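structure.cif (mmCIF, C-alpha atoms) appears below.
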```cif
data_protein
#
loop_
_atom_site.label_atom_id
_atom_site.label_comp_id
_atom_site.auth_asym_id
_atom_site.auth_seq_id
_atom_site.Cartn_x
_atom_site.Cartn_y
_atom_site.Cartn_z
CA MET A 1 16.08 13.63 25.88
CA MET A 2 16.89 15.29 22.57
CA GLN A 3 14.04 14.64 20.15
CA ASP A 4 15.68 14.88 16.78
CA SER A 5 12.32 14.32 15.16
CA SER A 6 11.14 17.63 16.62
CA GLN A 7 9.78 18.90 13.34
CA HIS A 8 7.37 15.98 13.28
CA ARG A 9 3.88 16.71 14.19
CA TYR A 10 3.18 15.36 17.65
CA ALA A 11 5.09 15.40 20.90
CA PRO A 12 4.65 13.73 24.33
CA ASP A 13 3.07 16.79 25.92
CA ASP A 14 0.34 17.20 23.29
CA LYS A 15 -3.14 16.35 24.50
CA MET A 16 -4.26 12.91 23.37
CA TYR A 17 -7.63 14.39 22.54
CA LYS A 18 -6.02 16.77 20.04
CA LEU A 19 -4.32 13.96 18.16
CA ILE A 20 -7.57 12.16 17.58
CA SER A 21 -9.58 15.25 16.71
CA ASP A 22 -6.92 16.15 14.13
CA ASN A 23 -7.04 12.74 12.51
CA TYR A 24 -9.63 10.18 13.48
CA ARG A 25 -7.65 7.38 11.85
CA LEU A 26 -5.34 7.55 14.85
CA ILE A 27 -8.09 5.87 16.88
CA GLN A 28 -6.93 2.65 15.22
CA VAL A 29 -3.33 3.23 16.21
CA MET A 30 -4.36 4.01 19.75
CA SER A 31 -6.48 0.97 20.19
CA ARG A 32 -3.84 -1.35 18.74
CA PHE A 33 -1.49 -0.18 21.44
CA GLY A 34 -4.20 -1.15 23.92
CA ILE A 35 -5.21 2.44 24.72
CA ARG A 36 -8.93 3.01 25.13
CA VAL A 37 -10.92 6.20 24.64
CA GLY A 38 -12.11 8.01 27.75
CA PHE A 39 -8.71 9.48 28.57
CA GLY A 40 -9.90 12.92 29.76
CA ASP A 41 -7.54 15.83 29.20
CA LYS A 42 -4.35 13.86 29.67
CA THR A 43 -1.31 14.32 27.48
CA VAL A 44 0.03 11.62 25.19
CA ALA A 45 2.81 10.82 27.66
CA GLU A 46 0.37 10.49 30.56
CA VAL A 47 -2.05 8.29 28.66
CA CYS A 48 0.79 6.08 27.43
CA ALA A 49 2.07 5.73 31.00
CA ASP A 50 -1.44 4.79 32.20
CA PHE A 51 -1.63 1.99 29.67
CA GLY A 52 1.99 0.85 29.93
CA VAL A 53 2.80 1.85 26.35
CA ASP A 54 6.19 3.14 25.27
CA CYS A 55 5.49 6.76 24.38
CA ASP A 56 8.25 7.17 21.76
CA THR A 57 7.10 4.09 19.90
CA PHE A 58 3.53 5.29 20.00
CA LEU A 59 4.52 8.71 18.64
CA THR A 60 6.74 7.18 15.98
CA ILE A 61 3.76 5.27 14.61
CA VAL A 62 1.40 8.23 15.04
CA ASN A 63 3.71 10.57 13.17
CA PHE A 64 4.37 7.95 10.54
CA VAL A 65 0.69 7.40 9.90
CA THR A 66 0.12 11.17 9.83
CA ASP A 67 3.06 12.18 7.65
CA GLY A 68 3.33 9.08 5.50
CA TYR A 69 7.05 8.61 6.01
CA ALA A 70 9.39 7.66 8.82
CA PRO A 71 12.52 9.39 10.06
CA ALA A 72 15.50 7.50 8.68
CA LYS A 73 17.22 7.30 12.03
CA LEU A 74 14.25 6.30 14.09
CA SER A 75 15.36 3.12 15.74
CA THR A 76 16.74 4.56 18.96
CA HIS A 77 13.29 5.60 20.08
CA VAL A 78 11.43 2.44 19.22
CA SER A 79 10.61 -0.20 21.79
CA LEU A 80 10.34 -3.50 19.99
CA ARG A 81 8.10 -4.94 22.66
CA SER A 82 5.55 -2.18 22.16
CA LEU A 83 5.91 -2.43 18.39
CA LEU A 84 5.33 -6.18 18.44
CA GLN A 85 2.24 -5.69 20.55
CA TYR A 86 0.99 -3.14 18.06
CA LEU A 87 1.57 -5.44 15.08
CA ARG A 88 -0.03 -8.44 16.81
CA GLN A 89 -3.10 -6.41 17.66
CA SER A 90 -3.29 -5.25 14.05
CA HIS A 91 -3.31 -8.85 12.89
CA ILE A 92 -6.06 -9.71 15.35
CA TYR A 93 -8.05 -6.72 14.17
CA PHE A 94 -7.86 -7.68 10.50
CA LEU A 95 -8.38 -11.41 10.88
CA ASP A 96 -10.87 -11.59 13.73
CA TYR A 97 -12.79 -8.40 13.21
CA PHE A 98 -12.46 -6.47 9.97
CA LEU A 99 -12.36 -9.18 7.31
CA PRO A 100 -15.20 -11.21 8.90
CA SER A 101 -17.29 -8.06 9.16
CA ILE A 102 -16.72 -7.29 5.47
CA ARG A 103 -17.67 -10.86 4.62
CA ARG A 104 -20.98 -10.50 6.44
CA LYS A 105 -21.81 -7.28 4.60
CA LEU A 106 -20.78 -8.81 1.31
CA LEU A 107 -22.90 -11.87 1.95
CA ASP A 108 -25.94 -9.73 2.74
CA GLY A 109 -25.24 -7.38 -0.13
CA ILE A 110 -24.80 -9.85 -2.96
CA ARG A 111 -27.80 -11.88 -1.83
CA LEU A 112 -26.29 -15.26 -2.13
CA THR A 113 -29.00 -17.20 -3.87
CA THR A 114 -28.67 -19.37 -6.89
CA ASN A 115 -26.54 -16.88 -8.75
CA ASP A 116 -23.20 -18.34 -9.83
CA VAL A 117 -21.33 -15.08 -9.76
CA SER A 118 -22.26 -14.05 -6.23
CA PHE A 119 -21.11 -17.45 -5.06
CA LEU A 120 -17.79 -16.96 -6.84
CA ILE A 121 -17.35 -13.46 -5.43
CA LEU A 122 -17.69 -14.84 -1.94
CA LYS A 123 -15.30 -17.65 -2.81
CA PHE A 124 -12.80 -15.08 -4.00
CA PHE A 125 -13.14 -13.18 -0.74
CA ASP A 126 -12.61 -16.33 1.29
CA GLU A 127 -9.51 -17.21 -0.70
CA TYR A 128 -8.23 -13.73 -0.06
CA THR A 129 -8.89 -13.98 3.67
CA ASP A 130 -7.01 -17.28 3.71
CA GLU A 131 -4.03 -15.67 2.03
CA VAL A 132 -3.95 -12.84 4.55
CA ARG A 133 -4.22 -15.39 7.34
CA VAL A 134 -1.31 -17.40 5.96
CA HIS A 135 0.77 -14.26 5.52
CA MET A 136 0.11 -12.98 9.01
CA GLY A 137 0.54 -16.45 10.46
CA TYR A 138 3.96 -16.58 8.87
CA GLU A 139 4.82 -13.28 10.50
CA GLU A 140 3.70 -14.48 13.91
CA GLU A 141 5.26 -17.94 13.65
CA THR A 142 8.50 -17.07 11.93
CA VAL A 143 9.26 -13.38 12.07
CA PHE A 144 8.01 -12.42 15.52
CA LYS A 145 9.52 -15.56 17.03
CA TYR A 146 12.82 -14.65 15.45
CA VAL A 147 12.57 -11.14 16.87
CA ASN A 148 11.85 -12.52 20.34
CA GLU A 149 15.02 -14.61 20.10
CA LEU A 150 16.98 -11.54 19.03
CA MET A 151 15.65 -9.56 21.94
CA GLU A 152 16.95 -12.27 24.24
CA GLY A 153 20.35 -11.77 22.65
CA ARG A 154 20.45 -14.86 20.44
CA VAL A 155 20.87 -14.91 16.67
CA PRO A 156 19.05 -17.98 15.35
CA ASP A 157 20.41 -19.63 12.20
CA GLY A 158 18.72 -19.66 8.88
CA PHE A 159 16.58 -16.56 9.03
CA HIS A 160 17.30 -12.91 8.61
CA ILE A 161 14.93 -10.03 8.54
CA SER A 162 16.03 -9.28 4.99
CA THR A 163 14.45 -12.61 3.97
CA TYR A 164 11.17 -11.20 5.09
CA SER A 165 11.22 -7.64 3.78
CA ARG A 166 9.66 -7.13 0.35
CA HIS A 167 7.15 -9.86 1.12
CA HIS A 168 4.17 -7.60 1.01
CA GLU A 169 3.09 -6.59 -2.41
CA GLN A 170 0.50 -9.27 -3.14
CA VAL A 171 -1.57 -8.67 -0.03
CA GLY A 172 -2.92 -5.39 -1.32
CA ALA A 173 -3.01 -6.29 -5.01
CA LYS A 174 -5.54 -9.06 -4.54
CA LEU A 175 -7.93 -6.78 -2.70
CA SER A 176 -7.89 -4.30 -5.54
CA GLU A 177 -8.65 -7.21 -7.87
CA LEU A 178 -11.70 -7.98 -5.74
CA LYS A 179 -12.88 -4.36 -5.95
CA GLY A 180 -12.56 -4.51 -9.71
CA ILE A 181 -14.53 -7.74 -9.89
CA ILE A 182 -17.37 -6.42 -7.75
CA LEU A 183 -17.52 -3.13 -9.64
CA LYS A 184 -17.50 -4.78 -13.03
CA TYR A 185 -19.29 -8.08 -12.59
CA CYS A 186 -21.52 -7.86 -9.56
CA PRO A 187 -24.97 -9.34 -10.20
CA GLN A 188 -27.64 -6.71 -10.73
CA ASN A 189 -29.98 -8.06 -8.10
CA ALA A 190 -27.62 -7.11 -5.28
CA GLU A 191 -28.94 -5.12 -2.31
CA ILE A 192 -27.31 -1.87 -3.25
CA ASN A 193 -26.86 -0.14 0.13
CA LEU A 194 -25.43 -3.23 1.76
CA LEU A 195 -23.17 -3.90 -1.17
CA ASN A 196 -21.94 -0.32 -1.11
CA ALA A 197 -21.20 -0.63 2.60
CA ALA A 198 -19.11 -3.70 1.82
CA LEU A 199 -17.32 -1.85 -0.97
CA TYR A 200 -16.54 1.12 1.27
CA ASP A 201 -15.10 -1.27 3.81
CA ILE A 202 -13.01 -2.98 1.16
CA TYR A 203 -11.52 0.35 0.10
CA ARG A 204 -10.83 1.21 3.73
CA CYS A 205 -9.39 -2.22 4.42
CA GLU A 206 -7.07 -1.85 1.48
CA GLN A 207 -5.81 1.47 2.84
CA GLU A 208 -5.41 0.15 6.34
CA LEU A 209 -3.58 -2.96 5.17
CA GLU A 210 -1.31 -0.81 3.09
CA SER A 211 -0.57 1.41 6.06
CA HIS A 212 0.00 -1.65 8.24
CA CYS A 213 2.46 -3.13 5.74
CA ARG A 214 4.27 0.19 5.52
CA VAL A 215 4.70 0.30 9.28
CA GLU A 216 6.27 -3.14 9.00
CA ASP A 217 8.51 -2.16 6.10
CA CYS A 218 9.55 1.31 7.25
CA ILE A 219 9.67 0.99 11.04
CA PHE A 220 9.66 -2.65 12.08
CA VAL A 221 12.17 -4.02 9.57
CA PRO A 222 14.75 -1.22 10.03
CA SER A 223 14.52 -1.62 13.82
CA ILE A 224 15.18 -5.34 13.50
CA MET A 225 18.08 -4.81 11.14
CA LYS A 226 19.65 -2.55 13.70
CA LEU A 227 19.08 -5.08 16.46
CA GLU A 228 20.54 -7.87 14.30
CA LYS A 229 23.71 -5.83 13.94
CA GLU A 230 23.94 -5.11 17.65
CA VAL A 231 23.33 -8.68 18.73
CA SER A 232 25.77 -10.24 16.29
CA SER A 233 28.52 -7.76 17.15
CA ASN A 234 27.97 -8.47 20.86
CA GLY A 235 28.30 -12.17 20.11
CA LYS A 236 31.70 -11.67 18.55
CA GLN A 237 33.20 -9.87 21.52
CA MET B 238 4.12 -4.67 -10.70
CA GLU B 239 1.44 -4.07 -13.31
CA SER B 240 -1.66 -3.73 -11.15
CA SER B 241 -2.89 -0.26 -10.29
CA GLU B 242 0.28 0.90 -8.61
CA LYS B 243 0.23 4.15 -6.76
CA ILE B 244 2.59 6.84 -7.89
CA VAL B 245 4.38 8.20 -4.85
CA VAL B 246 5.09 11.90 -5.26
CA VAL B 247 7.00 13.93 -2.69
CA VAL B 248 6.28 17.65 -2.70
CA ALA B 249 9.17 19.61 -1.18
CA GLU B 250 8.02 23.17 -0.86
CA THR B 251 8.19 25.47 2.16
CA ALA B 252 5.34 27.80 1.21
CA PRO B 253 2.26 26.06 2.64
CA VAL B 254 -0.14 27.57 0.11
CA ILE B 255 1.81 26.26 -2.85
CA SER B 256 2.51 22.93 -1.20
CA ALA B 257 -1.12 22.30 -0.26
CA GLY B 258 -2.36 23.60 -3.59
CA LEU B 259 -0.09 21.37 -5.62
CA THR B 260 -0.88 18.37 -3.44
CA SER B 261 -4.55 18.93 -3.94
CA CYS B 262 -4.10 19.20 -7.73
CA LEU B 263 -2.14 15.95 -7.78
CA LYS B 264 -4.92 14.13 -5.97
CA ARG B 265 -7.42 15.41 -8.53
CA LEU B 266 -5.60 14.15 -11.60
CA ALA B 267 -8.14 11.66 -12.89
CA GLY B 268 -6.95 8.24 -13.90
CA MET B 269 -3.71 8.52 -11.98
CA GLN B 270 -3.32 7.02 -8.56
CA ILE B 271 -1.09 9.59 -6.93
CA GLN B 272 -0.08 9.47 -3.31
CA PRO B 273 1.36 12.91 -2.52
CA ILE B 274 3.49 13.51 0.55
CA GLU B 275 4.37 17.02 1.67
CA VAL B 276 7.72 17.73 3.28
CA HIS B 277 8.99 21.03 4.58
CA SER B 278 12.64 20.42 5.45
CA ALA B 279 15.70 18.87 3.86
CA GLU B 280 15.85 16.29 6.61
CA ASP B 281 12.26 15.19 5.99
CA LEU B 282 12.97 14.97 2.29
CA ALA B 283 15.95 12.69 2.94
CA ASP B 284 13.81 10.51 5.23
CA CYS B 285 11.17 10.21 2.56
CA ILE B 286 13.60 9.05 -0.07
CA SER B 287 15.16 6.42 2.13
CA THR B 288 11.89 4.99 3.45
CA LEU B 289 9.48 5.36 0.53
CA SER B 290 11.47 5.26 -2.71
CA PRO B 291 9.23 7.85 -4.36
CA ASP B 292 8.57 7.93 -8.11
CA LEU B 293 8.69 11.70 -8.37
CA ILE B 294 10.03 14.57 -6.30
CA ILE B 295 8.54 17.98 -7.00
CA VAL B 296 10.77 20.54 -5.40
CA ASN B 297 11.07 24.28 -5.15
CA PRO B 298 14.48 25.27 -6.59
CA THR B 299 14.99 27.44 -3.51
CA PHE B 300 14.16 24.60 -1.14
CA SER B 301 16.32 24.77 2.00
CA GLY B 302 18.42 27.63 0.65
CA SER B 303 19.07 26.42 -2.84
CA PHE B 304 18.48 23.04 -4.37
CA ASP B 305 21.12 21.57 -6.65
CA PRO B 306 19.65 18.61 -8.59
CA GLU B 307 23.04 17.17 -9.55
CA LYS B 308 24.36 17.22 -6.04
CA PHE B 309 21.05 15.88 -4.77
CA ARG B 310 21.15 12.89 -7.13
CA MET B 311 24.66 12.09 -5.99
CA GLU B 312 23.64 12.14 -2.35
CA HIS B 313 20.36 10.30 -2.75
CA SER B 314 20.32 7.44 -5.19
CA GLY B 315 17.01 6.24 -6.53
CA LYS B 316 14.90 6.03 -9.67
CA TYR B 317 12.87 9.15 -8.99
CA GLY B 318 12.17 11.95 -11.47
CA LEU B 319 12.91 15.49 -10.34
CA ILE B 320 10.46 18.27 -11.13
CA ALA B 321 10.98 21.93 -10.27
CA ILE B 322 8.08 24.07 -9.10
CA GLN B 323 8.27 27.41 -10.78
CA SER B 324 6.53 30.25 -9.01
CA ALA B 325 6.30 33.69 -10.58
CA LEU B 326 9.35 34.71 -8.61
CA THR B 327 11.59 31.89 -9.72
CA ASP B 328 14.34 32.66 -12.18
CA ARG B 329 14.02 30.44 -15.27
CA ASN B 330 17.63 29.37 -15.07
CA VAL B 331 17.28 27.79 -11.66
CA ALA B 332 15.20 25.08 -13.24
CA ARG B 333 18.12 23.71 -15.19
CA ASN B 334 19.10 20.09 -14.48
CA PHE B 335 15.60 19.14 -13.46
CA ASP B 336 13.74 16.55 -15.50
CA GLU B 337 10.72 18.79 -15.80
CA VAL B 338 9.31 22.11 -14.62
CA ILE B 339 5.78 22.64 -13.34
CA SER B 340 4.71 26.25 -13.17
CA ILE B 341 2.13 27.42 -10.66
CA VAL B 342 0.07 28.73 -13.57
CA ASP B 343 0.01 25.39 -15.45
CA ASP B 344 -3.45 23.97 -16.07
CA MET B 345 -4.36 20.44 -15.04
CA ASP B 346 -3.81 18.90 -18.48
CA THR B 347 -0.33 20.34 -18.65
CA ILE B 348 0.52 19.06 -15.18
CA ARG B 349 -0.79 15.65 -16.10
CA ARG B 350 1.23 15.50 -19.33
CA LYS B 351 4.39 16.49 -17.54
CA ILE B 352 3.92 13.85 -14.89
CA GLU B 353 2.96 11.15 -17.37
CA ARG B 354 6.11 11.79 -19.30
CA LEU B 355 8.25 11.05 -16.27
CA VAL B 356 6.42 8.17 -14.69
CA ASP B 357 7.23 4.68 -15.83
CA ASP B 358 4.97 4.23 -18.83
CA SER B 359 3.99 0.68 -17.94
CA SER B 360 1.32 2.01 -15.59
CA MET B 361 -0.02 4.46 -18.16
CA ALA B 362 0.08 2.46 -21.37
CA ARG B 363 -2.48 0.05 -20.01
CA ASP B 364 -5.31 2.48 -20.51
CA GLU B 365 -5.45 2.24 -24.25
CA GLU B 366 -5.71 -1.48 -24.72
CA LYS B 367 -7.54 -2.29 -21.52
CA GLU B 368 -10.35 -4.78 -21.38
CA THR B 369 -10.67 -6.05 -24.90
CA LEU B 370 -9.47 -9.61 -25.19
CA SER B 371 -8.68 -11.06 -28.59
CA GLN B 372 -10.55 -14.13 -29.80
CA ARG B 373 -7.56 -16.30 -29.02
CA GLU B 374 -7.28 -14.87 -25.53
CA LYS B 375 -10.95 -15.59 -24.88
CA GLU B 376 -10.41 -19.17 -26.01
CA ILE B 377 -7.57 -19.50 -23.55
CA VAL B 378 -9.60 -18.00 -20.69
CA THR B 379 -12.27 -20.62 -21.37
CA LEU B 380 -9.78 -23.45 -21.19
CA VAL B 381 -8.04 -22.10 -18.08
CA VAL B 382 -11.37 -21.78 -16.32
CA LYS B 383 -12.23 -25.37 -17.24
CA GLY B 384 -9.15 -26.39 -15.32
CA MET B 385 -6.71 -27.22 -18.11
CA THR B 386 -2.97 -26.81 -17.57
CA ASN B 387 -0.80 -24.64 -19.80
CA LYS B 388 0.54 -27.77 -21.45
CA GLU B 389 -2.94 -29.12 -22.20
CA ILE B 390 -4.02 -25.76 -23.59
CA ALA B 391 -0.92 -25.60 -25.76
CA ASP B 392 -1.59 -29.08 -27.19
CA LYS B 393 -5.23 -28.37 -27.84
CA LEU B 394 -4.61 -25.07 -29.65
CA PHE B 395 -1.37 -26.16 -31.38
CA LEU B 396 0.66 -23.50 -29.60
CA SER B 397 3.87 -23.65 -27.64
CA VAL B 398 3.61 -23.56 -23.86
CA HIS B 399 5.63 -20.36 -23.99
CA THR B 400 3.00 -18.71 -26.19
CA VAL B 401 0.22 -19.81 -23.85
CA ILE B 402 2.06 -18.26 -20.92
CA THR B 403 2.49 -15.01 -22.84
CA HIS B 404 -1.22 -14.98 -23.62
CA ARG B 405 -2.06 -15.59 -19.99
CA ARG B 406 0.16 -12.77 -18.90
CA ASN B 407 -1.55 -10.41 -21.36
CA ILE B 408 -4.96 -11.57 -20.18
CA ALA B 409 -4.06 -10.86 -16.56
CA ARG B 410 -2.79 -7.44 -17.48
CA LYS B 411 -5.78 -6.46 -19.59
CA LEU B 412 -8.41 -7.67 -17.15
CA GLU B 413 -6.42 -6.85 -14.02
CA ILE B 414 -7.36 -10.32 -12.86
CA HIS B 415 -4.64 -12.68 -11.69
CA SER B 416 -6.54 -15.39 -9.86
CA ALA B 417 -8.37 -18.43 -11.17
CA THR B 418 -11.57 -17.52 -9.33
CA GLY B 419 -11.44 -14.01 -10.78
CA LEU B 420 -11.07 -15.41 -14.30
CA THR B 421 -13.98 -17.75 -13.71
CA ILE B 422 -16.18 -14.82 -12.76
CA TYR B 423 -15.11 -12.97 -15.90
CA ALA B 424 -15.80 -16.02 -18.05
CA ILE B 425 -19.27 -16.62 -16.62
CA VAL B 426 -20.38 -12.99 -16.81
CA ASN B 427 -19.21 -12.83 -20.41
CA HIS B 428 -20.86 -16.15 -21.26
CA LEU B 429 -17.61 -17.84 -22.24
CA VAL B 430 -18.50 -20.81 -20.04
CA ASP B 431 -21.40 -22.12 -18.06
CA LEU B 432 -21.05 -22.96 -14.39
CA SER B 433 -21.88 -26.58 -15.13
CA GLU B 434 -18.77 -26.86 -17.29
CA ILE B 435 -16.30 -26.02 -14.57
CA LYS B 436 -15.25 -27.80 -11.47
CA LEU B 437 -14.83 -25.52 -8.49
#
```

As structure tokens:
Amino acid sequence: MMQDSSQHRYAPDDKMYKLISDNYRLIQVMSRFGIRVGFGDKTVAEVCADFGVDCDTFLTIVNFVTDGYAPAKLSTHVSLRSLLQYLRQSHIYFLDYFLPSIRRKLLDGIRLTTNDVSFLILKFFDEYTDEVRVHMGYEEETVFKYVNELMEGRVPDGFHISTYSRHHEQVGAKLSELKGIILKYCPQNAEINLLNAALYDIYRCEQELESHCRVEDCIFVPSIMKLEKEVSSNGKQ
Amino acid sequence: MESSEKIVVVVAETAPVISAGLTSCLKRLAGMQIQPIEVHSAEDLADCISTLSPDLIIVNPTFSGSFDPEKFRMEHSGKYGLIAIQSALTDRNVARNFDEVISIVDDMDTIRRKIERLVDDSSMARDEEKETLSQREKEIVTLVVKGMTNKEIADKLFLSVHTVITHRRNIARKLEIHSATGLTIYAIVNHLVDLSEIKL
């Protein structure tokens, strides 16, 4: 197959090990596709085959995360099934693992005692988590369901992917508000190392959420738009 | 869009030393949240514009043969500013039709000034008036935190609802706090209210 994204960094016959040693953040991408470490000296294509992952989709995300931008005509190489799996796993990671783990560190760090402010900081965090949960729930319930219908060849009424795009801005903004609040107003009796660990995680979470949203905006949404076009033109024939 | 927005800057330069050097300088500009992205081909540059809507494009005037800003703007619509990178070898005239020129011998302050001039000033202007709330704004924070609606605040302070909303918008911008819980934290730390006065 002609790879017109040849100038992008990684290709199917690169060693998986090399990808990760170049950029450890790709561990996240790998694991969201369901690939586990311990892959020996296999190439990207071989590892993907072992785990039943579409290699082009995997590389599209890998190169996107590495370069920071997506090829404009990417959609031909993207398997929506693999992409959906990736996005679902990302949601599970944030909601069931990362945010709860930050909450625990925060709770230990701010030493929730009688102090009003530490209580409010935790309340703020919980409100934020709820918002992320609602947002991701909406994606699962509405957007992914819609995409599943499309993949079956049906165009459901009343929703288009354009309704959904540009939905993202607030998710990151609120986290940077939380950072500001902790930096400026955190009570002085906090356990400093634990609090710092929580802060580091919040910065990292903000970056990862941003990257996640950009995958949705730059790869997922364009792929769906293309599919919408295909399905509705098939319907007319 | 007023919270600490990142400035997306695409660096289109084929010489890796210049590209990496400029990128590293951009990341070091204090007080500016710059997200630099390096591209090395015309195709990558086009991809970047369509998927990222960058704020600035810093480009070598000899990029992919020769780079014509006017033609480029026609082919790629967007609100980006175009900056030429001027290396010692670049002819001065090639930099015409760019919004700005950054020379490889510019110092950091000069680079910063040139970028600031082109980036939407809303993200920069904040710096000067940050943080300090007026007496009236503090009063309004107190009432918001106590759970009053805009209408109730307006009645109590003899203001129009419209004015209250304007104040609230300015408060959010100055403090970079948009949520009720965040405002409550601000109010307690700054002794505007006591926890006993607010219902959570």

Considering only C-alpha atoms, tabulate each residue of chain A that lies at most 7 Å from chain B along with its nearest interatomic pair and the corresponding distance in Å to one decimal; arrange the rows by chain and ascending residue number and present them as a tab-separated table.
```
residue	atom	partner	partner_atom	distance
A:Gly68	CA	B:Ile274	CA	6.6
A:Tyr69	CA	B:Cys285	CA	5.6
A:Ala70	CA	B:Asp284	CA	6.4
A:Pro71	CA	B:Asp284	CA	5.1
A:Ala72	CA	B:Asp284	CA	4.9
A:Asp116	CA	B:Leu432	CA	6.8
A:Val117	CA	B:Ile422	CA	6.0
A:Leu120	CA	B:Ile422	CA	6.5
A:Phe124	CA	B:Thr418	CA	6.0
A:Ala173	CA	B:Ser240	CA	6.8
A:Glu177	CA	B:Ile414	CA	6.0
A:Tyr185	CA	B:Val426	CA	6.6
A:Cys218	CA	B:Thr288	CA	5.8
```

I'd like the interatomic distance between atom CA of A:Glu149 and atom CA of A:Asp217, to a tenth of an Å.
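Taking atom CA of A:Glu149 as the start and atom CA of A:Asp217 as the end point, the length is 19.8 Å.
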
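Evaluated against the shown file, the PyMOL selection byres ((chain B and resi 260) around 8) gives Val248, Ser256, Ala257, Gly258, Leu259, Ser261, Cys262, Leu263, Lys264, Pro273, Ile274 and Glu275 of chain B.
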
Can you tell me how far atom CA of B:Ser303 sits from atom CA of B:Ala279, in Å to one decimal?
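Taking atom CA of B:Ser303 as the start and atom CA of B:Ala279 as the end point, the length is 10.6 Å.
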
Smallest atom-to-atom distance to A:Asp157: which of A:Ser118, A:Ser232, A:Ser176, A:Val44, using all atoms listed in the file?
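Closest candidate: A:Ser232.
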
The PyMOL selection byres ((chain B and resi 349) around 12) resolved against shown file, as a list of chain:residue names
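Residues picked by the PyMOL selection byres ((chain B and resi 349) around 12): B:Leu259, B:Cys262, B:Leu263, B:Lys264, B:Arg265, B:Leu266, B:Ala267, B:Gly268, B:Met269, B:Gln270, B:Ile271, B:Glu337, B:Ile339, B:Asp343, B:Asp344, B:Met345, B:Asp346, B:Thr347, B:Ile348, B:Arg350, B:Lys351, B:Ile352, B:Glu353, B:Arg354, B:Leu355, B:Val356, B:Met361.
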
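Once B:Val401 and its same-chain neighbours fewer than 6 positions away are set aside, Ile377, Asn387, Ile390 and Ala391 of chain B remain within 8 Å of it when counting only C-alpha atoms.
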
Any chance you could resolve the PyMOL selection byres ((chain A and resi 148) around 12) against this file and give the residues as a ChimeraX atom specification?
/A:80-81,83-85,140-147,149-156,224,227-228

Supply stretch 78-87 of chain A as a PDB file, in the frame of the given file, with N, CA, C and O atoms built in where the input has gaps.
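Full text of rebuild-v6.pdb as output:
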```pdb
ATOM      1  N   VAL A  78      12.492   3.429  19.362  1.00  0.00           N
ATOM      2  CA  VAL A  78      11.430   2.440  19.220  1.00  0.00           C
ATOM      3  C   VAL A  78      11.623   1.278  20.181  1.00  0.00           C
ATOM      4  O   VAL A  78      12.690   0.679  20.237  1.00  0.00           O
ATOM      5  N   SER A  79      10.583   0.993  20.953  1.00  0.00           N
ATOM      6  CA  SER A  79      10.610  -0.200  21.790  1.00  0.00           C
ATOM      7  C   SER A  79      10.013  -1.355  21.014  1.00  0.00           C
ATOM      8  O   SER A  79       8.859  -1.307  20.597  1.00  0.00           O
ATOM      9  N   LEU A  80      10.819  -2.395  20.805  1.00  0.00           N
ATOM     10  CA  LEU A  80      10.340  -3.500  19.990  1.00  0.00           C
ATOM     11  C   LEU A  80       9.178  -4.226  20.648  1.00  0.00           C
ATOM     12  O   LEU A  80       8.286  -4.731  19.977  1.00  0.00           O
ATOM     13  N   ARG A  81       9.193  -4.272  21.969  1.00  0.00           N
ATOM     14  CA  ARG A  81       8.100  -4.940  22.660  1.00  0.00           C
ATOM     15  C   ARG A  81       6.764  -4.254  22.359  1.00  0.00           C
ATOM     16  O   ARG A  81       5.774  -4.897  22.030  1.00  0.00           O
ATOM     17  N   SER A  82       6.779  -2.910  22.455  1.00  0.00           N
ATOM     18  CA  SER A  82       5.550  -2.180  22.160  1.00  0.00           C
ATOM     19  C   SER A  82       5.165  -2.325  20.685  1.00  0.00           C
ATOM     20  O   SER A  82       3.999  -2.468  20.340  1.00  0.00           O
ATOM     21  N   LEU A  83       6.173  -2.302  19.828  1.00  0.00           N
ATOM     22  CA  LEU A  83       5.910  -2.430  18.390  1.00  0.00           C
ATOM     23  C   LEU A  83       5.315  -3.794  18.062  1.00  0.00           C
ATOM     24  O   LEU A  83       4.356  -3.905  17.292  1.00  0.00           O
ATOM     25  N   LEU A  84       5.863  -4.835  18.679  1.00  0.00           N
ATOM     26  CA  LEU A  84       5.330  -6.180  18.440  1.00  0.00           C
ATOM     27  C   LEU A  84       3.884  -6.273  18.905  1.00  0.00           C
ATOM     28  O   LEU A  84       3.042  -6.867  18.226  1.00  0.00           O
ATOM     29  N   GLN A  85       3.612  -5.667  20.052  1.00  0.00           N
ATOM     30  CA  GLN A  85       2.240  -5.690  20.550  1.00  0.00           C
ATOM     31  C   GLN A  85       1.308  -5.009  19.550  1.00  0.00           C
ATOM     32  O   GLN A  85       0.230  -5.504  19.234  1.00  0.00           O
ATOM     33  N   TYR A  86       1.779  -3.890  19.033  1.00  0.00           N
ATOM     34  CA  TYR A  86       0.990  -3.140  18.060  1.00  0.00           C
ATOM     35  C   TYR A  86       0.710  -3.997  16.816  1.00  0.00           C
ATOM     36  O   TYR A  86      -0.426  -4.079  16.335  1.00  0.00           O
ATOM     37  N   LEU A  87       1.747  -4.653  16.302  1.00  0.00           N
ATOM     38  CA  LEU A  87       1.570  -5.440  15.080  1.00  0.00           C
ATOM     39  C   LEU A  87       0.662  -6.646  15.324  1.00  0.00           C
ATOM     40  O   LEU A  87      -0.197  -6.969  14.503  1.00  0.00           O
TER      41      LEU A  87
END
```
